[in-house]
Amino acid sequence: MFQNMKLAGKIGLGFALVLTIALAVGVVSLTSMGSVKTQNMILAQVNVPEWSISGVIERHQRLAGYYNLGYSHSMDPEWLNKGRKEMALAREAMNKGLETFQKTNATNDASDFATVLREIASSMDAYDAAVKKTEQSVERTKAARESARKMAAQFAEHINTYLKNQQTDMIRQIEAHDSVEELRTRQDRIDRGLAILVAGENIRAGSWEAQAMADATLLEKMSGQADALVRLVDDLLGVTRKEENRRQLTAVKDSVGQYRTVIQNIATEQRAAAPLTQERIATYSGVLDRAADRAVLAEKSTSGMAAKALSDLQSAMSMAYVGLGLALVLGILVTIIITRAITGPVNKGVAFAQAMAQGDFTTNLDI
């Protein structure tokens, strides 16, 4: 059939085959490149920004947790300022992500990440509130500590003034050769005053130890000892006649009573600190865990998408190489066939003409 086909038909069929192969290669290559383009767009608009934003939120949230924990222990506002700065940077990254992904409708992943960011925003609000509660508790504790320091100083001032007055009276009585009974009474007042001073110092030292160890139970024990100290002062007041000494002892009693109230407040804050810390850690983890999990997922998605894009690109290139090779081989074959189809009849015509020139009229021209 092919041998009986005219030359123009053979040439047209050959070129049609070459063009068909070229078209097939082009279509397959364009399809693969289109897939690569789509994947690259998803990488650029979704996966990479998601990975970056999640990583930024995670990093700043970790630092915020570190600084805020330091603040809760040290009560140094500088730590709180650093923590809030990191919280602001984490929120800035979250807001940027929301702005970006709420406008992106390329994939379900983009919509899903926008949902995750809204959950992170809610957790950030809860964490902000927990840090604020911690700040308020710390400020109350600091104020109570300052009051305790002042009350302790007032206690020491008043009891030392009382003891100084007693010692002065003792010297005066000795010089006046008062009776032994009067001197013993004076010594009793001094001994009781010293006992009050020592008990007060023990309470002060114990309460500071309890605060340093965050031991609310020990603080409440010191409060009980303060009650006992008030009773000692009351007993001494009951046998004190001199008005000046009574004023000093009354001031001592008031200082102890106020000190007791203050350390009770501190104990209350310390007991409240545990659930506050748990709340702060829980809300902190709510932000951190979501961001960290999403960063890991985005990393895997980015790596997978990049690998698939590379595979599709390699497939497109391989298909192009194979198609071009087939087109080249087919082109060579078509060229040979066309050449033979053209030169065959020409050679036959030349041979026929030569035979006719030699007088051989029996030869037939078969083309």
# chains A, B, ... in the order shown; residues from 1 in each chain; ligands from 1

call {"tool": "closest_atom_pairs", "arguments": {"of": "segment 112-218 of chain A", "to": "segment 79-91 of chain A", "cutoff": "9 Å", "atoms": "only C-alpha atoms", "output": "JSON lines"}}
result
{"residue": "A:Ala121", "atom": "CA", "partner": "A:Arg91", "partner_atom": "CA", "distance": 7.4}
{"residue": "A:Met124", "atom": "CA", "partner": "A:Arg91", "partner_atom": "CA", "distance": 7.5}
{"residue": "A:Asp128", "atom": "CA", "partner": "A:Met87", "partner_atom": "CA", "distance": 8.2}
{"residue": "A:Val131", "atom": "CA", "partner": "A:Leu80", "partner_atom": "CA", "distance": 8.8}
{"residue": "A:Glu135", "atom": "CA", "partner": "A:Leu80", "partner_atom": "CA", "distance": 8.2}

call {"tool": "write_last_selection", "arguments": {"atoms": "N, CA and C atoms", "output": "PDB file, in the first residue's frame"}}
result
ATOM      1  N   ALA A 121      -4.753  32.708  68.078  1.00  0.00           N
ATOM      2  CA  ALA A 121      -5.110  34.050  68.560  1.00  0.00           C
ATOM      3  C   ALA A 121      -5.927  33.958  69.846  1.00  0.00           C
ATOM      4  N   MET A 124      -3.617  33.046  72.586  1.00  0.00           N
ATOM      5  CA  MET A 124      -2.807  34.209  72.949  1.00  0.00           C
ATOM      6  C   MET A 124      -3.571  35.146  73.883  1.00  0.00           C
ATOM      7  N   ASP A 128      -2.362  36.121  77.523  1.00  0.00           N
ATOM      8  CA  ASP A 128      -2.237  37.524  77.960  1.00  0.00           C
ATOM      9  C   ASP A 128      -2.963  37.739  79.281  1.00  0.00           C
ATOM     10  N   VAL A 131      -1.029  36.107  82.146  1.00  0.00           N
ATOM     11  CA  VAL A 131       0.151  36.902  82.514  1.00  0.00           C
ATOM     12  C   VAL A 131      -0.272  38.135  83.298  1.00  0.00           C
ATOM     13  N   GLU A 135       0.885  39.257  86.960  1.00  0.00           N
ATOM     14  CA  GLU A 135       1.407  40.582  87.278  1.00  0.00           C
ATOM     15  C   GLU A 135       0.672  41.187  88.479  1.00  0.00           C
TER      16      GLU A 135
END

call {"tool": "residues_around", "arguments": {"residues": "segment 60-62 of chain A", "least_positions_apart": "2", "cutoff": "12 Å", "atoms": "only C-alpha atoms", "output": "ChimeraX atom specification"}}
result
/A:53-58,64-69,82-94,120,123-124,127-128,281,283-292

call {"tool": "write_last_selection", "arguments": {"atoms": "N, CA and C atoms", "output": "short mmCIF file (atom, residue, chain, number, x, y, z; two decimals), in the first residue's frame"}}
result
data_model
loop_
_atom_site.label_atom_id
_atom_site.label_comp_id
_atom_site.auth_asym_id
_atom_site.auth_seq_id
_atom_site.Cartn_x
_atom_site.Cartn_y
_atom_site.Cartn_z
N ILE A 53 5.74 31.38 59.30
CA ILE A 53 4.92 32.05 60.32
C ILE A 53 4.81 31.19 61.58
N SER A 54 4.59 29.90 61.40
CA SER A 54 4.50 28.99 62.56
C SER A 54 5.80 28.99 63.35
N GLY A 55 6.93 28.98 62.62
CA GLY A 55 8.23 28.98 63.29
C GLY A 55 8.48 30.27 64.07
N VAL A 56 8.07 31.41 63.48
CA VAL A 56 8.25 32.69 64.17
C VAL A 56 7.41 32.74 65.44
N ILE A 57 6.15 32.31 65.34
CA ILE A 57 5.28 32.30 66.52
C ILE A 57 5.86 31.40 67.59
N GLU A 58 6.29 30.22 67.19
CA GLU A 58 6.85 29.27 68.15
C GLU A 58 8.08 29.86 68.86
N ALA A 64 8.87 34.21 75.30
CA ALA A 64 7.89 34.86 76.20
C ALA A 64 7.67 34.02 77.45
N GLY A 65 7.53 32.71 77.27
CA GLY A 65 7.35 31.84 78.42
C GLY A 65 8.54 31.87 79.36
N TYR A 66 9.75 31.91 78.79
CA TYR A 66 10.97 31.96 79.60
C TYR A 66 11.02 33.24 80.44
N TYR A 67 10.77 34.37 79.79
CA TYR A 67 10.84 35.66 80.50
C TYR A 67 9.72 35.79 81.54
N ASN A 68 8.53 35.36 81.19
CA ASN A 68 7.42 35.49 82.14
C ASN A 68 7.59 34.56 83.34
N LEU A 69 8.18 33.41 83.12
CA LEU A 69 8.48 32.53 84.25
C LEU A 69 9.51 33.18 85.16
N LYS A 82 10.35 42.18 78.90
CA LYS A 82 10.91 41.35 77.83
C LYS A 82 9.90 40.30 77.38
N GLY A 83 9.18 39.72 78.34
CA GLY A 83 8.17 38.73 77.99
C GLY A 83 7.06 39.33 77.13
N ARG A 84 6.63 40.52 77.48
CA ARG A 84 5.55 41.15 76.72
C ARG A 84 6.04 41.56 75.32
N LYS A 85 7.29 41.91 75.22
CA LYS A 85 7.84 42.24 73.90
C LYS A 85 7.79 41.01 72.99
N GLU A 86 8.17 39.86 73.53
CA GLU A 86 8.13 38.63 72.73
C GLU A 86 6.68 38.25 72.41
N MET A 87 5.77 38.46 73.36
CA MET A 87 4.35 38.18 73.11
C MET A 87 3.82 39.06 71.98
N ALA A 88 4.25 40.32 71.96
CA ALA A 88 3.81 41.25 70.91
C ALA A 88 4.33 40.80 69.54
N LEU A 89 5.58 40.31 69.51
CA LEU A 89 6.15 39.85 68.24
C LEU A 89 5.44 38.59 67.76
N ALA A 90 5.09 37.70 68.68
CA ALA A 90 4.34 36.50 68.31
C ALA A 90 2.97 36.87 67.76
N ARG A 91 2.31 37.83 68.40
CA ARG A 91 0.99 38.26 67.92
C ARG A 91 1.11 38.95 66.57
N GLU A 92 2.17 39.71 66.38
CA GLU A 92 2.38 40.38 65.09
C GLU A 92 2.50 39.35 63.97
N ALA A 93 3.25 38.28 64.21
CA ALA A 93 3.39 37.23 63.21
C ALA A 93 2.06 36.54 62.96
N MET A 94 1.30 36.32 64.03
CA MET A 94 -0.02 35.68 63.89
C MET A 94 -0.96 36.55 63.06
N ILE A 120 -4.88 29.97 67.60
CA ILE A 120 -3.70 30.51 68.27
C ILE A 120 -4.01 31.89 68.84
N SER A 123 -5.83 31.49 72.01
CA SER A 123 -4.92 31.05 73.07
C SER A 123 -4.01 32.20 73.52
N MET A 124 -3.62 33.05 72.59
CA MET A 124 -2.81 34.21 72.95
C MET A 124 -3.57 35.15 73.88
N TYR A 127 -3.54 33.61 77.21
CA TYR A 127 -2.20 33.71 77.81
C TYR A 127 -1.95 35.13 78.31
N ASP A 128 -2.36 36.12 77.52
CA ASP A 128 -2.24 37.52 77.96
C ASP A 128 -2.96 37.74 79.28
N ILE A 281 0.81 28.31 82.33
CA ILE A 281 1.51 27.27 81.56
C ILE A 281 0.56 26.65 80.54
N THR A 283 -2.14 27.98 79.08
CA THR A 283 -2.41 28.89 77.96
C THR A 283 -1.16 29.12 77.12
N TYR A 284 -0.01 29.13 77.78
CA TYR A 284 1.27 29.23 77.05
C TYR A 284 1.43 28.04 76.11
N SER A 285 1.14 26.84 76.63
CA SER A 285 1.27 25.63 75.81
C SER A 285 0.24 25.61 74.69
N GLY A 286 -0.93 26.22 74.94
CA GLY A 286 -1.94 26.27 73.90
C GLY A 286 -1.45 26.98 72.66
N VAL A 287 -0.68 28.05 72.85
CA VAL A 287 -0.08 28.77 71.72
C VAL A 287 1.09 27.98 71.15
N LEU A 288 1.98 27.57 72.04
CA LEU A 288 3.23 26.93 71.60
C LEU A 288 2.97 25.62 70.87
N ASP A 289 2.12 24.77 71.43
CA ASP A 289 1.89 23.45 70.83
C ASP A 289 1.26 23.57 69.45
N ARG A 290 0.29 24.47 69.31
CA ARG A 290 -0.35 24.63 67.99
C ARG A 290 0.66 25.13 66.97
N ALA A 291 1.46 26.12 67.37
CA ALA A 291 2.45 26.67 66.43
C ALA A 291 3.51 25.64 66.08
N ALA A 292 4.00 24.91 67.11
CA ALA A 292 5.05 23.92 66.87
C ALA A 292 4.54 22.77 66.00
#

call {"tool": "residues_around", "arguments": {"residues": "segment 196-198 of chain A", "least_positions_apart": "3", "cutoff": "10 Å", "atoms": "only C-alpha atoms", "output": "ChimeraX atom specification"}}
result
/A:155-156,158-160,163,190-193,201-204,229-230,232-233,236,252

call {"tool": "atom_distance", "arguments": {"atom1": "atom CA of Ala274 of chain A", "atom2": "atom CA of Gln211 of chain A"}}
result
13.9 Å

call {"tool": "decode", "arguments": {"residues": "segment 216-311 of chain A", "atoms": "C-alpha atoms", "output": "PDB file, in the first residue's frame"}}
result
ATOM      1  CA  ALA A 216       2.663  29.167 102.417  1.00  0.00           C
ATOM      2  CA  THR A 217       2.398  26.624 105.249  1.00  0.00           C
ATOM      3  CA  LEU A 218       5.475  28.045 106.967  1.00  0.00           C
ATOM      4  CA  LEU A 219       4.099  31.576 106.517  1.00  0.00           C
ATOM      5  CA  GLU A 220       0.869  30.564 108.237  1.00  0.00           C
ATOM      6  CA  LYS A 221       2.954  29.055 111.023  1.00  0.00           C
ATOM      7  CA  MET A 222       4.705  32.415 111.415  1.00  0.00           C
ATOM      8  CA  SER A 223       1.264  34.048 111.565  1.00  0.00           C
ATOM      9  CA  GLY A 224       0.399  31.761 114.484  1.00  0.00           C
ATOM     10  CA  GLN A 225       3.638  32.728 116.222  1.00  0.00           C
ATOM     11  CA  ALA A 226       2.687  36.383 115.714  1.00  0.00           C
ATOM     12  CA  ASP A 227      -0.538  35.681 117.612  1.00  0.00           C
ATOM     13  CA  ALA A 228       1.531  34.232 120.455  1.00  0.00           C
ATOM     14  CA  LEU A 229       3.787  37.308 120.351  1.00  0.00           C
ATOM     15  CA  VAL A 230       0.752  39.597 120.682  1.00  0.00           C
ATOM     16  CA  ARG A 231      -0.198  37.710 123.826  1.00  0.00           C
ATOM     17  CA  LEU A 232       3.331  38.241 125.228  1.00  0.00           C
ATOM     18  CA  VAL A 233       2.990  41.969 124.601  1.00  0.00           C
ATOM     19  CA  ASP A 234      -0.451  41.974 126.232  1.00  0.00           C
ATOM     20  CA  ASP A 235       0.966  40.235 129.298  1.00  0.00           C
ATOM     21  CA  LEU A 236       3.716  42.831 129.567  1.00  0.00           C
ATOM     22  CA  LEU A 237       1.225  45.644 129.094  1.00  0.00           C
ATOM     23  CA  GLY A 238      -0.767  44.219 131.960  1.00  0.00           C
ATOM     24  CA  VAL A 239       2.055  44.848 134.418  1.00  0.00           C
ATOM     25  CA  THR A 240       3.364  48.101 132.918  1.00  0.00           C
ATOM     26  CA  ARG A 241       2.439  51.303 134.747  1.00  0.00           C
ATOM     27  CA  LYS A 242       4.501  54.037 133.110  1.00  0.00           C
ATOM     28  CA  GLU A 243       2.527  55.721 130.333  1.00  0.00           C
ATOM     29  CA  GLU A 244       5.515  56.182 128.010  1.00  0.00           C
ATOM     30  CA  ASN A 245       6.328  52.469 128.217  1.00  0.00           C
ATOM     31  CA  ARG A 246       2.703  51.587 127.618  1.00  0.00           C
ATOM     32  CA  ARG A 247       2.699  53.721 124.467  1.00  0.00           C
ATOM     33  CA  GLN A 248       5.822  51.929 123.211  1.00  0.00           C
ATOM     34  CA  LEU A 249       4.353  48.493 123.931  1.00  0.00           C
ATOM     35  CA  THR A 250       1.059  49.422 122.297  1.00  0.00           C
ATOM     36  CA  ALA A 251       2.980  50.488 119.189  1.00  0.00           C
ATOM     37  CA  VAL A 252       4.853  47.158 119.315  1.00  0.00           C
ATOM     38  CA  LYS A 253       1.532  45.277 119.519  1.00  0.00           C
ATOM     39  CA  ASP A 254       0.086  47.228 116.590  1.00  0.00           C
ATOM     40  CA  SER A 255       3.192  46.519 114.477  1.00  0.00           C
ATOM     41  CA  VAL A 256       2.980  42.800 115.228  1.00  0.00           C
ATOM     42  CA  GLY A 257      -0.747  42.730 114.419  1.00  0.00           C
ATOM     43  CA  GLN A 258      -0.225  44.486 111.104  1.00  0.00           C
ATOM     44  CA  TYR A 259       2.750  42.264 110.314  1.00  0.00           C
ATOM     45  CA  ARG A 260       0.593  39.200 110.985  1.00  0.00           C
ATOM     46  CA  THR A 261      -2.082  40.499 108.568  1.00  0.00           C
ATOM     47  CA  VAL A 262       0.525  41.190 105.904  1.00  0.00           C
ATOM     48  CA  ILE A 263       2.127  37.744 106.043  1.00  0.00           C
ATOM     49  CA  GLN A 264      -1.346  36.185 105.924  1.00  0.00           C
ATOM     50  CA  ASN A 265      -1.944  38.134 102.703  1.00  0.00           C
ATOM     51  CA  ILE A 266       1.367  36.942 101.320  1.00  0.00           C
ATOM     52  CA  ALA A 267       0.459  33.344 102.219  1.00  0.00           C
ATOM     53  CA  THR A 268      -2.853  33.793 100.392  1.00  0.00           C
ATOM     54  CA  GLU A 269      -1.035  35.059  97.291  1.00  0.00           C
ATOM     55  CA  GLN A 270       1.422  32.176  97.454  1.00  0.00           C
ATOM     56  CA  ARG A 271      -1.399  29.655  97.613  1.00  0.00           C
ATOM     57  CA  ALA A 272      -3.091  31.382  94.677  1.00  0.00           C
ATOM     58  CA  ALA A 273       0.187  31.366  92.734  1.00  0.00           C
ATOM     59  CA  ALA A 274       0.050  27.615  92.039  1.00  0.00           C
ATOM     60  CA  PRO A 275      -3.226  27.641  90.053  1.00  0.00           C
ATOM     61  CA  LEU A 276      -2.131  30.901  88.406  1.00  0.00           C
ATOM     62  CA  THR A 277       1.075  29.214  87.290  1.00  0.00           C
ATOM     63  CA  GLN A 278      -0.878  26.225  85.977  1.00  0.00           C
ATOM     64  CA  GLU A 279      -3.208  28.535  84.067  1.00  0.00           C
ATOM     65  CA  ARG A 280      -0.290  30.461  82.619  1.00  0.00           C
ATOM     66  CA  ILE A 281       1.506  27.269  81.559  1.00  0.00           C
ATOM     67  CA  ALA A 282      -1.665  25.802  80.043  1.00  0.00           C
ATOM     68  CA  THR A 283      -2.410  28.892  77.958  1.00  0.00           C
ATOM     69  CA  TYR A 284       1.271  29.229  77.050  1.00  0.00           C
ATOM     70  CA  SER A 285       1.267  25.626  75.815  1.00  0.00           C
ATOM     71  CA  GLY A 286      -1.942  26.270  73.897  1.00  0.00           C
ATOM     72  CA  VAL A 287      -0.082  28.768  71.718  1.00  0.00           C
ATOM     73  CA  LEU A 288       3.231  26.932  71.595  1.00  0.00           C
ATOM     74  CA  ASP A 289       1.886  23.454  70.830  1.00  0.00           C
ATOM     75  CA  ARG A 290      -0.347  24.628  67.994  1.00  0.00           C
ATOM     76  CA  ALA A 291       2.449  26.671  66.425  1.00  0.00           C
ATOM     77  CA  ALA A 292       5.054  23.919  66.872  1.00  0.00           C
ATOM     78  CA  ASP A 293       2.771  21.189  65.509  1.00  0.00           C
ATOM     79  CA  ARG A 294       1.858  23.337  62.525  1.00  0.00           C
ATOM     80  CA  ALA A 295       5.508  24.175  61.861  1.00  0.00           C
ATOM     81  CA  VAL A 296       6.357  20.462  61.767  1.00  0.00           C
ATOM     82  CA  LEU A 297       3.388  19.744  59.483  1.00  0.00           C
ATOM     83  CA  ALA A 298       4.302  22.656  57.200  1.00  0.00           C
ATOM     84  CA  GLU A 299       7.890  21.455  57.025  1.00  0.00           C
ATOM     85  CA  LYS A 300       6.754  17.987  55.960  1.00  0.00           C
ATOM     86  CA  SER A 301       4.280  19.432  53.432  1.00  0.00           C
ATOM     87  CA  THR A 302       6.936  21.743  52.005  1.00  0.00           C
ATOM     88  CA  SER A 303       9.447  18.933  51.677  1.00  0.00           C
ATOM     89  CA  GLY A 304       6.851  16.621  50.090  1.00  0.00           C
ATOM     90  CA  MET A 305       5.599  19.269  47.688  1.00  0.00           C
ATOM     91  CA  ALA A 306       9.117  20.227  46.659  1.00  0.00           C
ATOM     92  CA  ALA A 307       9.995  16.574  46.066  1.00  0.00           C
ATOM     93  CA  LYS A 308       6.862  16.065  43.952  1.00  0.00           C
ATOM     94  CA  ALA A 309       7.538  19.220  41.928  1.00  0.00           C
ATOM     95  CA  LEU A 310      11.090  18.035  41.275  1.00  0.00           C
ATOM     96  CA  SER A 311       9.811  14.598  40.244  1.00  0.00           C
TER      97      SER A 311
END
